[in-house]
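J.: Just work31.cif, nothing more (mmCIF, C-alpha atoms):
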data_model
#
loop_
_atom_site.label_atom_id
_atom_site.label_comp_id
_atom_site.auth_asym_id
_atom_site.auth_seq_id
_atom_site.Cartn_x
_atom_site.Cartn_y
_atom_site.Cartn_z
CA MET A 25 -14.11 -16.75 31.37
CA ILE A 26 -12.47 -16.95 28.00
CA SER A 27 -14.41 -15.87 24.99
CA PRO A 28 -14.20 -18.52 22.26
CA THR A 29 -14.42 -15.77 19.63
CA ILE A 30 -11.36 -14.00 21.00
CA ARG A 31 -9.52 -17.32 21.11
CA ILE A 32 -10.19 -17.87 17.39
CA TRP A 33 -9.01 -14.35 16.52
CA TYR A 34 -5.96 -14.83 18.71
CA LEU A 35 -5.06 -18.00 16.79
CA VAL A 36 -5.66 -16.28 13.42
CA HIS A 37 -3.40 -13.42 14.51
CA LYS A 38 -0.71 -15.75 15.81
CA TRP A 39 -0.50 -18.04 12.78
CA SER A 40 -1.01 -15.48 10.01
CA SER A 41 1.73 -13.33 11.58
CA LEU A 42 4.13 -16.16 12.28
CA ILE A 43 4.08 -17.43 8.71
CA CYS A 44 4.56 -14.04 7.04
CA THR A 45 6.83 -12.24 9.55
CA VAL A 46 10.22 -13.28 8.14
CA PHE A 47 9.18 -12.35 4.60
CA LEU A 48 7.54 -9.10 5.69
CA LEU A 49 10.72 -8.18 7.56
CA MET A 50 12.72 -8.78 4.38
CA LEU A 51 10.21 -6.69 2.39
CA CYS A 52 10.28 -3.81 4.89
CA ILE A 53 14.09 -3.76 5.11
CA THR A 54 14.72 -3.97 1.35
CA GLY A 55 11.85 -1.55 0.77
CA LEU A 56 13.40 1.15 2.94
CA PRO A 57 16.24 2.10 0.51
CA LEU A 58 13.96 1.44 -2.47
CA ILE A 59 11.69 4.32 -1.33
CA PHE A 60 14.62 6.67 -2.04
CA HIS A 61 15.61 4.96 -5.29
CA ASP A 62 15.56 8.19 -7.34
CA GLU A 63 17.44 10.24 -4.73
CA ILE A 64 20.13 7.57 -4.35
CA TYR A 65 20.46 7.39 -8.14
CA ARG A 66 20.90 11.17 -8.37
CA LEU A 67 23.36 11.40 -5.48
CA SER A 68 25.45 8.48 -6.68
CA GLY A 69 26.67 10.69 -9.53
CA ASP A 70 25.26 8.43 -12.22
CA ALA A 71 22.64 10.96 -13.27
CA PRO A 72 23.34 11.96 -16.87
CA GLN A 73 23.75 15.42 -18.40
CA TYR A 74 21.04 16.12 -20.98
CA GLY A 75 21.15 18.22 -24.13
CA MET A 76 17.80 19.84 -23.30
CA PRO A 77 17.29 19.47 -19.53
CA GLY A 78 13.68 19.53 -18.39
CA VAL A 79 12.22 18.71 -21.79
CA GLY A 80 10.28 15.44 -21.62
CA SER A 81 11.03 12.84 -24.27
CA SER A 82 7.32 11.98 -24.28
CA GLY A 83 6.40 15.39 -25.75
CA THR A 84 6.59 17.04 -29.14
CA ALA A 85 8.95 19.91 -28.28
CA PRO A 86 11.05 21.22 -31.17
CA GLY A 87 14.57 19.89 -31.01
CA LEU A 88 13.57 16.37 -30.01
CA LEU A 89 14.92 13.88 -32.55
CA PRO A 90 12.65 11.58 -34.57
CA LEU A 91 11.78 8.24 -32.98
CA ASP A 92 13.02 6.42 -36.09
CA ALA A 93 16.46 7.98 -35.67
CA MET A 94 16.56 6.95 -32.00
CA MET A 95 15.54 3.40 -32.89
CA ALA A 96 18.17 3.18 -35.65
CA LYS A 97 20.79 4.32 -33.15
CA ALA A 98 19.72 1.71 -30.59
CA LEU A 99 19.60 -1.12 -33.13
CA SER A 100 23.03 -0.22 -34.52
CA ALA A 101 24.39 -0.94 -31.03
CA ARG A 102 22.61 -4.31 -30.95
CA PRO A 103 22.85 -5.64 -34.53
CA GLY A 104 20.45 -8.48 -35.36
CA GLU A 105 18.15 -7.77 -32.42
CA VAL A 106 14.50 -6.73 -32.57
CA PRO A 107 12.85 -3.87 -30.67
CA LEU A 108 10.53 -4.76 -27.77
CA PHE A 109 9.78 -1.49 -25.98
CA MET A 110 10.41 2.20 -26.32
CA ALA A 111 9.65 4.13 -23.12
CA PHE A 112 9.45 7.86 -22.51
CA ASP A 113 9.96 10.33 -19.68
CA ASN A 114 7.79 13.37 -18.91
CA ASP A 115 10.51 15.36 -17.12
CA HIS A 116 13.75 14.58 -18.98
CA PRO A 117 14.68 14.03 -22.63
CA SER A 118 15.89 10.55 -21.69
CA MET A 119 14.18 7.49 -23.10
CA THR A 120 14.82 3.76 -23.04
CA ILE A 121 14.78 1.26 -25.88
CA THR A 122 14.59 -2.43 -25.03
CA THR A 123 15.86 -4.94 -27.57
CA ALA A 124 16.32 -8.71 -27.56
CA PRO A 125 17.32 -11.49 -29.99
CA ARG A 126 13.63 -12.42 -30.43
CA ALA A 127 10.31 -10.74 -29.72
CA ASP A 128 9.40 -13.43 -27.16
CA ALA A 129 12.80 -13.49 -25.44
CA PRO A 130 12.80 -13.72 -21.62
CA GLY A 131 13.81 -10.71 -19.54
CA SER A 132 17.33 -12.06 -18.99
CA GLU A 133 18.08 -11.74 -22.73
CA MET A 134 16.80 -8.18 -23.03
CA THR A 135 19.05 -5.13 -23.30
CA ILE A 136 17.74 -1.77 -22.11
CA GLN A 137 19.55 1.22 -23.61
CA MET A 138 19.10 4.72 -22.23
CA LEU A 139 19.30 7.49 -24.82
CA ASP A 140 18.99 11.26 -24.85
CA ARG A 141 16.33 12.24 -27.38
CA SER A 142 17.64 15.80 -27.54
CA THR A 143 21.18 14.84 -28.60
CA GLY A 144 20.79 11.28 -29.89
CA ARG A 145 23.54 10.17 -27.54
CA THR A 146 23.54 6.90 -25.65
CA LEU A 147 23.45 7.50 -21.90
CA GLY A 148 24.34 3.93 -21.05
CA GLN A 149 22.72 0.60 -20.34
CA GLU A 150 20.48 0.04 -17.39
CA ASP A 151 22.61 -1.22 -14.52
CA GLU A 152 21.66 -4.80 -13.70
CA ASP A 153 24.43 -5.46 -11.18
CA GLY A 154 24.02 -2.59 -8.70
CA VAL A 155 22.96 -2.93 -5.08
CA MET A 156 19.62 -1.23 -5.78
CA HIS A 157 18.84 -3.68 -8.57
CA PHE A 158 19.67 -6.56 -6.24
CA LEU A 159 17.36 -5.15 -3.54
CA LEU A 160 14.59 -4.62 -6.07
CA GLN A 161 14.80 -8.21 -7.30
CA LEU A 162 14.84 -9.56 -3.75
CA HIS A 163 11.85 -7.36 -2.89
CA THR A 164 9.90 -8.29 -6.04
CA ASP A 165 10.37 -12.03 -6.43
CA MET A 166 13.42 -13.17 -4.38
CA PHE A 167 15.08 -14.08 -7.74
CA LEU A 168 12.43 -16.76 -8.30
CA GLY A 169 10.41 -15.16 -11.10
CA LEU A 170 6.64 -15.48 -11.19
CA PRO A 171 6.39 -18.17 -8.45
CA GLY A 172 8.42 -15.93 -6.15
CA MET A 173 6.18 -12.97 -6.90
CA LEU A 174 3.00 -14.94 -6.24
CA PHE A 175 4.49 -16.37 -3.04
CA LEU A 176 5.22 -12.87 -1.73
CA GLY A 177 1.66 -11.95 -2.76
CA ALA A 178 0.38 -14.80 -0.57
CA MET A 179 2.52 -13.47 2.30
CA GLY A 180 0.84 -10.09 1.72
CA VAL A 181 -2.57 -11.74 2.05
CA LEU A 182 -1.49 -13.31 5.36
CA PHE A 183 -0.20 -9.90 6.47
CA THR A 184 -3.66 -8.48 5.77
CA ALA A 185 -5.22 -11.25 7.84
CA ALA A 186 -2.79 -10.38 10.64
CA LEU A 187 -3.86 -6.72 10.44
CA VAL A 188 -7.57 -7.57 10.59
CA SER A 189 -7.18 -10.02 13.48
CA GLY A 190 -4.90 -7.55 15.23
CA VAL A 191 -7.61 -4.88 15.09
CA VAL A 192 -10.16 -7.35 16.48
CA LEU A 193 -7.84 -8.19 19.40
CA TYR A 194 -7.20 -4.49 19.99
CA ALA A 195 -10.79 -4.11 21.29
CA PRO A 196 -10.68 -6.47 24.30
CA PHE A 197 -7.10 -5.45 25.06
CA MET A 198 -7.93 -1.74 25.22
CA ARG A 199 -11.29 -2.09 26.94
CA LYS A 200 -10.00 -0.52 30.16
CA LEU A 201 -7.09 1.44 28.75
CA PRO A 202 -7.06 4.93 27.21
CA PHE A 203 -5.74 5.35 23.66
CA GLY A 204 -1.96 5.60 23.50
CA THR A 205 -1.25 3.68 26.71
CA LEU A 206 2.46 2.89 26.87
CA ARG A 207 3.45 1.13 30.11
CA THR A 208 7.22 1.08 29.81
CA SER A 209 8.32 0.68 33.43
CA ARG A 210 6.39 -2.39 34.65
CA SER A 211 7.90 -5.18 32.58
CA THR A 212 9.67 -5.59 29.26
CA ARG A 213 6.85 -7.73 27.97
CA LEU A 214 4.21 -5.10 28.79
CA LYS A 215 6.37 -2.42 27.20
CA TRP A 216 6.64 -4.33 23.93
CA LEU A 217 2.98 -5.36 24.06
CA ASP A 218 1.87 -1.72 24.34
CA THR A 219 4.36 -0.63 21.66
CA HIS A 220 3.10 -3.36 19.34
CA ASN A 221 -0.51 -2.30 19.87
CA LEU A 222 0.09 1.42 19.63
CA LEU A 223 2.20 1.36 16.46
CA GLY A 224 -0.06 -1.29 14.95
CA ILE A 225 -3.21 0.75 15.40
CA VAL A 226 -1.76 4.11 14.27
CA ALA A 227 -0.06 2.71 11.16
CA LEU A 228 -3.03 0.47 10.32
CA ALA A 229 -4.38 2.33 7.27
CA TRP A 230 -0.93 2.80 5.76
CA MET A 231 0.03 -0.85 6.33
CA ALA A 232 -3.26 -2.05 4.86
CA VAL A 233 -2.88 0.11 1.74
CA VAL A 234 0.79 -0.68 1.15
CA GLY A 235 0.17 -4.37 1.90
CA LEU A 236 -2.83 -4.77 -0.39
CA THR A 237 -1.31 -2.72 -3.24
CA GLY A 238 1.79 -4.90 -2.85
CA VAL A 239 -0.39 -7.97 -3.33
CA ILE A 240 -1.92 -6.43 -6.47
CA ASN A 241 1.57 -5.65 -7.78
CA THR A 242 2.53 -9.32 -7.46
CA LEU A 243 -0.33 -10.10 -9.85
CA GLU A 244 1.22 -7.91 -12.57
CA LYS A 245 2.06 -10.75 -14.94
CA PRO A 246 -1.29 -12.57 -14.70
CA ILE A 247 -3.11 -9.23 -15.07
CA ASN A 248 -1.18 -8.31 -18.20
CA ALA A 249 -1.63 -11.79 -19.64
CA LEU A 250 -5.37 -11.51 -19.03
CA TRP A 251 -5.44 -8.14 -20.80
CA GLN A 252 -3.57 -9.54 -23.77
CA ARG A 253 -5.86 -12.55 -24.05
CA ARG A 254 -9.15 -10.74 -23.57
CA GLU A 255 -8.85 -7.07 -24.55
CA LEU A 256 -5.98 -7.08 -27.03
CA ALA A 257 -7.25 -10.16 -28.84
CA GLY A 258 -10.65 -8.46 -29.17
CA MET A 259 -9.10 -5.28 -30.53
CA THR A 260 -7.05 -7.08 -33.18
CA ARG A 261 -9.50 -9.80 -34.21
CA GLU A 262 -9.14 -9.08 -37.93
CA TYR A 263 -5.40 -9.80 -37.69
CA ALA A 264 -5.87 -13.12 -35.90
CA GLY A 265 -5.20 -15.33 -38.93
CA LYS A 266 -2.12 -13.52 -40.15
CA GLY A 267 1.43 -14.63 -39.36
CA ALA A 268 3.75 -12.40 -37.32
CA LEU A 269 5.02 -9.28 -39.08
CA PRO A 270 8.81 -9.60 -39.70
CA PRO A 271 10.86 -6.68 -38.29
CA SER A 272 12.13 -5.86 -41.81
CA ARG A 273 8.62 -4.69 -42.67
CA TYR A 274 8.12 -2.46 -39.61
CA GLY A 275 7.10 1.00 -40.78
CA SER A 276 7.94 4.46 -39.44
CA LEU A 277 7.53 4.98 -35.69
CA ASP A 278 7.09 8.73 -36.14
CA LYS A 279 4.24 8.20 -38.56
CA ALA A 280 2.64 5.70 -36.17
CA MET A 281 3.06 8.09 -33.24
CA ALA A 282 1.50 10.96 -35.20
CA GLU A 283 -1.45 8.73 -36.09
CA ALA A 284 -1.85 7.64 -32.46
CA ARG A 285 -1.71 11.25 -31.22
CA LYS A 286 -4.60 12.08 -33.57
CA VAL A 287 -6.73 9.49 -31.78
CA LEU A 288 -5.80 10.65 -28.25
CA PRO A 289 -4.96 14.35 -28.66
CA GLY A 290 -3.45 16.20 -25.74
CA ASN A 291 -2.03 13.05 -24.14
CA ASN A 292 1.58 11.94 -24.02
CA PRO A 293 2.82 8.40 -24.58
CA GLN A 294 4.40 6.43 -21.76
CA PHE A 295 5.73 3.60 -23.91
CA ILE A 296 5.35 1.72 -27.18
CA GLY A 297 4.95 -2.06 -27.13
CA PHE A 298 6.40 -3.65 -30.28
CA PRO A 299 4.92 -6.52 -32.30
CA GLY A 300 5.16 -9.94 -30.72
CA GLY A 301 5.87 -8.66 -27.19
CA SER A 302 3.66 -9.06 -24.16
CA PHE A 303 2.02 -5.64 -24.65
CA SER A 304 1.09 -5.88 -28.32
CA SER A 305 -0.21 -8.16 -31.04
CA ALA A 306 2.09 -9.67 -33.69
CA HIS A 307 1.26 -6.78 -36.06
CA HIS A 308 0.97 -3.61 -34.03
CA TYR A 309 2.79 -0.81 -32.42
CA ALA A 310 0.81 -0.44 -29.19
CA VAL A 311 1.25 3.17 -28.10
CA PHE A 312 0.26 3.47 -24.43
CA PHE A 313 -0.91 6.98 -23.59
CA GLN A 314 -1.12 8.55 -20.14
CA GLY A 315 -4.26 10.39 -19.09
CA ASP A 316 -4.18 14.18 -19.32
CA THR A 317 -4.90 15.00 -15.65
CA PRO A 318 -2.76 14.14 -12.62
CA LEU A 319 -5.37 11.65 -11.46
CA THR A 320 -5.61 9.85 -14.81
CA GLU A 321 -1.92 10.20 -15.69
CA ARG A 322 -1.28 6.67 -14.48
CA LEU A 323 -4.30 5.15 -16.20
CA LEU A 324 -3.03 4.13 -19.61
CA THR A 325 -4.96 3.90 -22.86
CA PRO A 326 -3.37 1.99 -25.75
CA ALA A 327 -3.75 3.05 -29.37
CA LEU A 328 -2.94 0.19 -31.72
CA ILE A 329 -1.26 1.22 -34.96
CA ASP A 330 -0.63 -1.27 -37.78
CA ALA A 331 3.16 -1.54 -37.65
CA GLU A 332 3.45 -2.07 -41.41
CA THR A 333 1.07 0.55 -42.82
CA GLY A 334 1.01 3.04 -39.94
CA SER A 335 -2.80 3.15 -39.96
CA PHE A 336 -4.94 3.20 -36.82
CA THR A 337 -6.60 -0.09 -35.80
CA ALA A 338 -8.20 0.38 -32.37
CA SER A 339 -8.04 2.13 -29.02
CA ARG A 340 -9.76 1.04 -25.83
CA SER A 341 -9.22 2.12 -22.25
CA MET A 342 -7.80 -0.49 -19.93
CA PRO A 343 -10.16 -2.75 -17.95
CA TRP A 344 -10.60 -2.40 -14.18
CA TYR A 345 -7.94 -4.96 -13.32
CA ASN A 346 -5.23 -3.05 -15.21
CA MET A 347 -6.45 0.22 -13.71
CA SER A 348 -6.14 -1.15 -10.19
CA LEU A 349 -2.62 -2.34 -11.04
CA SER A 350 -1.73 1.14 -12.35
CA LEU A 351 -2.99 2.81 -9.17
CA SER A 352 -1.36 0.19 -6.95
CA ARG A 353 2.12 1.14 -8.09
CA PRO A 354 2.32 4.68 -6.65
CA LEU A 355 0.35 3.65 -3.55
CA HIS A 356 2.91 0.93 -2.90
CA PHE A 357 6.07 2.88 -3.82
CA GLY A 358 5.13 6.21 -2.18
CA ASP A 359 6.77 8.12 -5.03
CA TYR A 360 3.89 10.47 -5.88
CA GLY A 361 4.15 13.31 -3.38
CA GLY A 362 7.71 14.56 -3.25
CA LEU A 363 10.45 13.93 -0.68
CA PRO A 364 8.30 14.66 2.45
CA LEU A 365 5.92 11.84 1.47
CA LYS A 366 8.87 9.49 0.98
CA ILE A 367 10.20 10.38 4.43
CA LEU A 368 6.79 9.65 5.99
CA TRP A 369 6.74 6.40 4.00
CA ALA A 370 10.10 5.49 5.52
CA VAL A 371 8.98 6.33 9.08
CA LEU A 372 5.85 4.20 8.70
CA ASP A 373 8.00 1.43 7.22
CA VAL A 374 10.19 1.57 10.34
CA PHE A 375 7.01 1.42 12.47
CA THR A 376 6.10 -1.75 10.61
CA ILE A 377 9.55 -3.24 11.26
CA VAL A 378 9.11 -2.50 14.99
CA ILE A 379 5.63 -4.08 14.93
CA LEU A 380 7.05 -7.23 13.29
CA ILE A 381 9.97 -7.51 15.71
CA THR A 382 7.90 -6.84 18.84
CA GLY A 383 5.33 -9.36 17.58
CA LEU A 384 8.05 -11.94 17.16
CA TYR A 385 9.40 -11.10 20.63
CA LEU A 386 5.96 -11.48 22.20
CA TRP A 387 5.59 -14.92 20.66
CA LEU A 388 9.16 -16.12 21.30
CA GLY A 389 9.10 -15.05 24.95
CA LYS A 390 6.03 -17.10 25.86
CA ARG A 391 5.66 -19.71 23.17
CA ARG A 392 5.21 -22.59 25.65
CA VAL A 393 2.31 -20.85 27.37
CA SER A 394 -1.18 -22.13 26.52
CA SER A 395 -3.33 -20.16 24.11
CA ALA A 396 -5.89 -19.80 26.92
CA ALA A 397 -3.33 -17.87 28.95
CA HIS A 398 -2.50 -15.70 25.94
CA VAL A 399 -6.19 -14.95 25.44
CA ARG A 400 -6.42 -13.95 29.14
CA GLU A 401 -3.48 -11.63 28.59
CA VAL A 402 -5.35 -9.98 25.71
CA GLU A 403 -8.61 -9.76 27.69
CA THR A 404 -6.98 -8.14 30.70
CA GLY A 405 -5.05 -5.58 28.67
CA GLY A 406 -1.77 -7.28 29.51
CA VAL A 407 -2.30 -6.91 33.28
CA LEU A 408 -2.37 -10.65 33.87
CA VAL A 409 1.23 -11.80 33.85
CA LEU A 410 1.81 -14.99 31.93
CA ALA A 411 3.19 -17.91 33.89
CA GLU A 412 5.36 -20.56 32.36
CA MET B 17 -19.76 -7.19 37.92
CA THR B 18 -21.55 -3.88 37.45
CA ALA B 19 -18.56 -2.00 38.77
CA ARG B 20 -16.33 -3.83 36.35
CA LYS B 21 -18.67 -3.12 33.49
CA SER B 22 -18.79 0.61 34.15
CA SER B 23 -15.01 0.88 33.87
CA ARG B 24 -15.15 -0.68 30.41
CA GLN B 25 -15.30 1.46 27.34
CA SER B 26 -17.68 1.13 24.45
CA LEU B 27 -16.34 0.20 21.00
CA TRP B 28 -16.73 3.84 20.00
CA ALA B 29 -14.49 4.95 22.84
CA ILE B 30 -11.89 2.30 21.94
CA PHE B 31 -11.91 2.87 18.20
CA GLY B 32 -12.73 6.60 18.00
CA VAL B 33 -9.15 7.88 17.88
CA PRO B 34 -7.83 4.96 15.76
CA LEU B 35 -10.68 5.52 13.29
CA ALA B 36 -9.88 9.23 13.01
CA ILE B 37 -6.19 8.41 12.43
CA ALA B 38 -7.11 5.85 9.78
CA VAL B 39 -9.41 8.29 7.96
CA LEU B 40 -6.81 11.08 7.99
CA SER B 41 -4.09 8.66 6.82
CA THR B 42 -6.33 7.58 3.96
CA VAL B 43 -6.99 11.18 2.95
CA GLY B 44 -3.21 11.63 2.98
CA LEU B 45 -2.66 8.53 0.87
CA ILE B 46 -5.14 9.66 -1.78
CA ALA B 47 -4.62 13.46 -1.88
CA ALA B 48 -1.23 13.49 -3.64
CA LEU B 49 -2.52 11.02 -6.24
CA THR B 50 -5.06 13.58 -7.46
CA GLY B 51 -2.58 16.35 -8.25
CA ASP B 52 0.38 18.42 -7.10
CA GLY B 53 0.75 21.59 -5.02
CA TRP B 54 -1.60 21.87 -2.05
CA ARG B 55 -2.69 18.26 -2.58
CA ASP B 56 0.88 17.17 -1.81
CA GLY B 57 0.74 19.29 1.34
CA LEU B 58 -2.53 17.65 2.38
CA SER B 59 -0.89 14.26 1.84
CA TRP B 60 2.02 15.14 4.10
CA ALA B 61 -0.34 16.42 6.80
CA GLY B 62 -2.57 13.33 6.58
CA LEU B 63 0.27 10.82 6.78
CA ALA B 64 2.02 12.79 9.50
CA VAL B 65 -1.00 12.08 11.76
CA PRO B 66 -0.09 8.44 12.60
CA VAL B 67 3.55 9.43 13.18
CA LEU B 68 2.59 12.36 15.44
CA ALA B 69 0.04 10.21 17.30
CA ALA B 70 2.75 7.69 18.17
CA ALA B 71 5.14 10.48 19.18
CA TRP B 72 2.44 12.08 21.35
CA ALA B 73 1.71 8.76 23.10
CA ALA B 74 5.42 8.17 23.73
CA LYS B 75 5.63 11.57 25.41
CA ALA B 76 2.26 12.00 27.13
CA ARG B 77 1.05 8.47 27.85
CA ARG B 78 4.28 6.76 28.86
CA THR B 79 4.10 5.41 32.41
#
Please go through the file and, once you have read it, give me the structure as structure tokens.
T.:
Amino acid sequence: MISPTIRIWYLVHKWSSLICTVFLLMLCITGLPLIFHDEIYRLSGDAPQYGMPGVGSSGTAPGLLPLDAMMAKALSARPGEVPLFMAFDNDHPSMTITTAPRADAPGSEMTIQMLDRSTGRTLGQEDEDGVMHFLLQLHTDMFLGLPGMLFLGAMGVLFTAALVSGVVLYAPFMRKLPFGTLRTSRSTRLKWLDTHNLLGIVALAWMAVVGLTGVINTLEKPINALWQRRELAGMTREYAGKGALPPSRYGSLDKAMAEARKVLPGNNPQFIGFPGGSFSSAHHYAVFFQGDTPLTERLLTPALIDAETGSFTASRSMPWYNMSLSLSRPLHFGDYGGLPLKILWAVLDVFTIVILITGLYLWLGKRRVSSAAHVREVETGGVLVLAE
Amino acid sequence: MTARKSSRQSLWAIFGVPLAIAVLSTVGLIAALTGDGWRDGLSWAGLAVPVLAAAWAAKARRT
């Protein structure tokens, strides 16, 4: 007797997996070196020498140069451009300044300069041609921009459906088998079936978390647009009627930063969004502060400072959708617990690759067999050999 | 039929170990987010559980 419920779950598992497998394989393979992004960067010899090693550019340590001086330096290298972002580091005196011909320029027209805030020297421009950058683009949007990102997000949703249906099928399959069963000597198919089930069930929580946080990461642009439209517009209502502030009237960044620090004392900034960009209004320096505990470090709170006068306008913690995006980043990248965590991340990533390949093998080997026969295979724990 | 039924396991028996692995993995995933030091260590231990479970099965349950 074949349970109709199991048949439905079998079909969900088959089709959700089949559609997403090729893309998930690409994501797992490109993701593997990306886990060790920082280590590869350091070992490749590109890591710069700092004037004050270990002093974070996000702090207020004596010896760090004024922000205005750093901005002047960056703009002198890109005459005629306007500033978009200034981003800080907690561990090194390095910082980045992003400029572009216009405030609303697309990413391809932006220039990111890396500078040392302890010496004022330029450390170089962010490498856009390297292998790692290529892998990151492929992993993020397959060079297709927002549609590519959302498409990979949809593949992540299908992957989640495959995980859920896989767990449901695990029950009838394992009904007579002890946990960990790995029958490697009877047939190749049984060996791969048991491997697929075992690795799938042990890596389940990790795959679900990395999959779902990956989906949330693909929603980055819509989430930020929603924040700008709802929260930012509400915070800067009194500026709504005014035209955009021309860059010639931008006031002191150091004064603005001091004002922002008064509002959120004890916290360090992660970045400043400049007027007209996607993280600020047309009139404000939006200083995004990190929380002051490890848990809240990733949850940002913007303080909006009038870019012309340097006076404080508003500060409001981010809504839940931005918070979930902020927490999704570390949970997807695995970069929050030192090298041992990254190694475990890589092992579980390899598990996922094996699950995808064995799944593909199990389908390819018997794709002409009826779904009823496949369901019987699941219900008998793989004992019933499939006939052509 | 009764004989067949008795050899079947309950859902608890099927999902007991997987559930424990999932809970420990989740503890591992969250611990390092809340701070450094021993919380990192807890993270490594938690996420080592699924890897060790697979290694144990490959050694002890392979037939």
J.: Distance limit 10 Å, atoms considered: all atoms listed in the file. Which chain A residues sit that close to chain B? Return them as an MDAnalysis selection string.
T.: chainID A and resid 191 194:210 215 218:219 222:230 233:234 317:322 351 354:355 358:369 371:372 375
J.: Expressed in Å to a single decimal, how great is the separation between CA of Thr122 (chain A) and CA of Gly301 (chain A)?
T.: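 Between CA of Thr122 (chain A) and CA of Gly301 (chain A) the gap is 10.9 Å.
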J.: Quick check, in Å to one decimal: how far apart do CA of Asp140 (chain A) and CA of Pro117 (chain A) lie?
T.: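 Here the two named atoms are 5.6 Å from each other.
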J.: For Ser276 (chain A), which residue out of A:Leu187, A:Met138, A:Ala331, A:Val311 is the nearest one, using only C-alpha atoms?
T.: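 Selected residue with least distance to Ser276 (chain A): A:Ala331.
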J.: Calculate how many Å separate CA of Ser142 (chain A) from CA of Gly87 (chain A), rounding to one decimal.
T.: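 Computing the Euclidean distance for CA of Ser142 (chain A) and CA of Gly87 (chain A) yields 6.2 Å.
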J.: Pick out the closest residue to Ala127 (chain A) from this set: A:Leu42, A:Val106, A:Val374, A:Leu147. Count all atoms listed in the file.
T.: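 Counting all atoms listed in the file, the residue closest to Ala127 (chain A) is A:Val106.
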J.: Nearest residue to Phe167 (chain A) out of A:Thr45, A:Ser132, A:Gln252, A:Ser348, using only C-alpha atoms?
T.: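 The closest residue to Phe167 (chain A) is A:Ser132.
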J.: Counting all atoms listed in the file, which residues have an atom no more than 9 Å from (2.6, 4.7, -30.5) in the file's coordinates? Please list them as a ChimeraX atom specification.
T.: /A:277-285,293,295-297,309-313,326-329
J.: Give as a PyMOL selection string the residues that the PyMOL selection byres ((chain A and resi 52) around 9) matches when applied to the coordinates above.
T.: chain A and resi 47-51+53-56+163+373-374+376-377
J.: For the file shown, what are the residues hit by the PyMOL selection byres ((chain A and resi 156) around 10), laid out as a list in words?
T.: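 Applied to this file, the PyMOL selection byres ((chain A and resi 156) around 10) selects Thr54, Pro57, Leu58, His61, Ile64, Tyr65, Asp151, Glu152, Asp153, Gly154, Val155, His157, Phe158, Leu159, Leu160, Gln161 and Leu162 of chain A.
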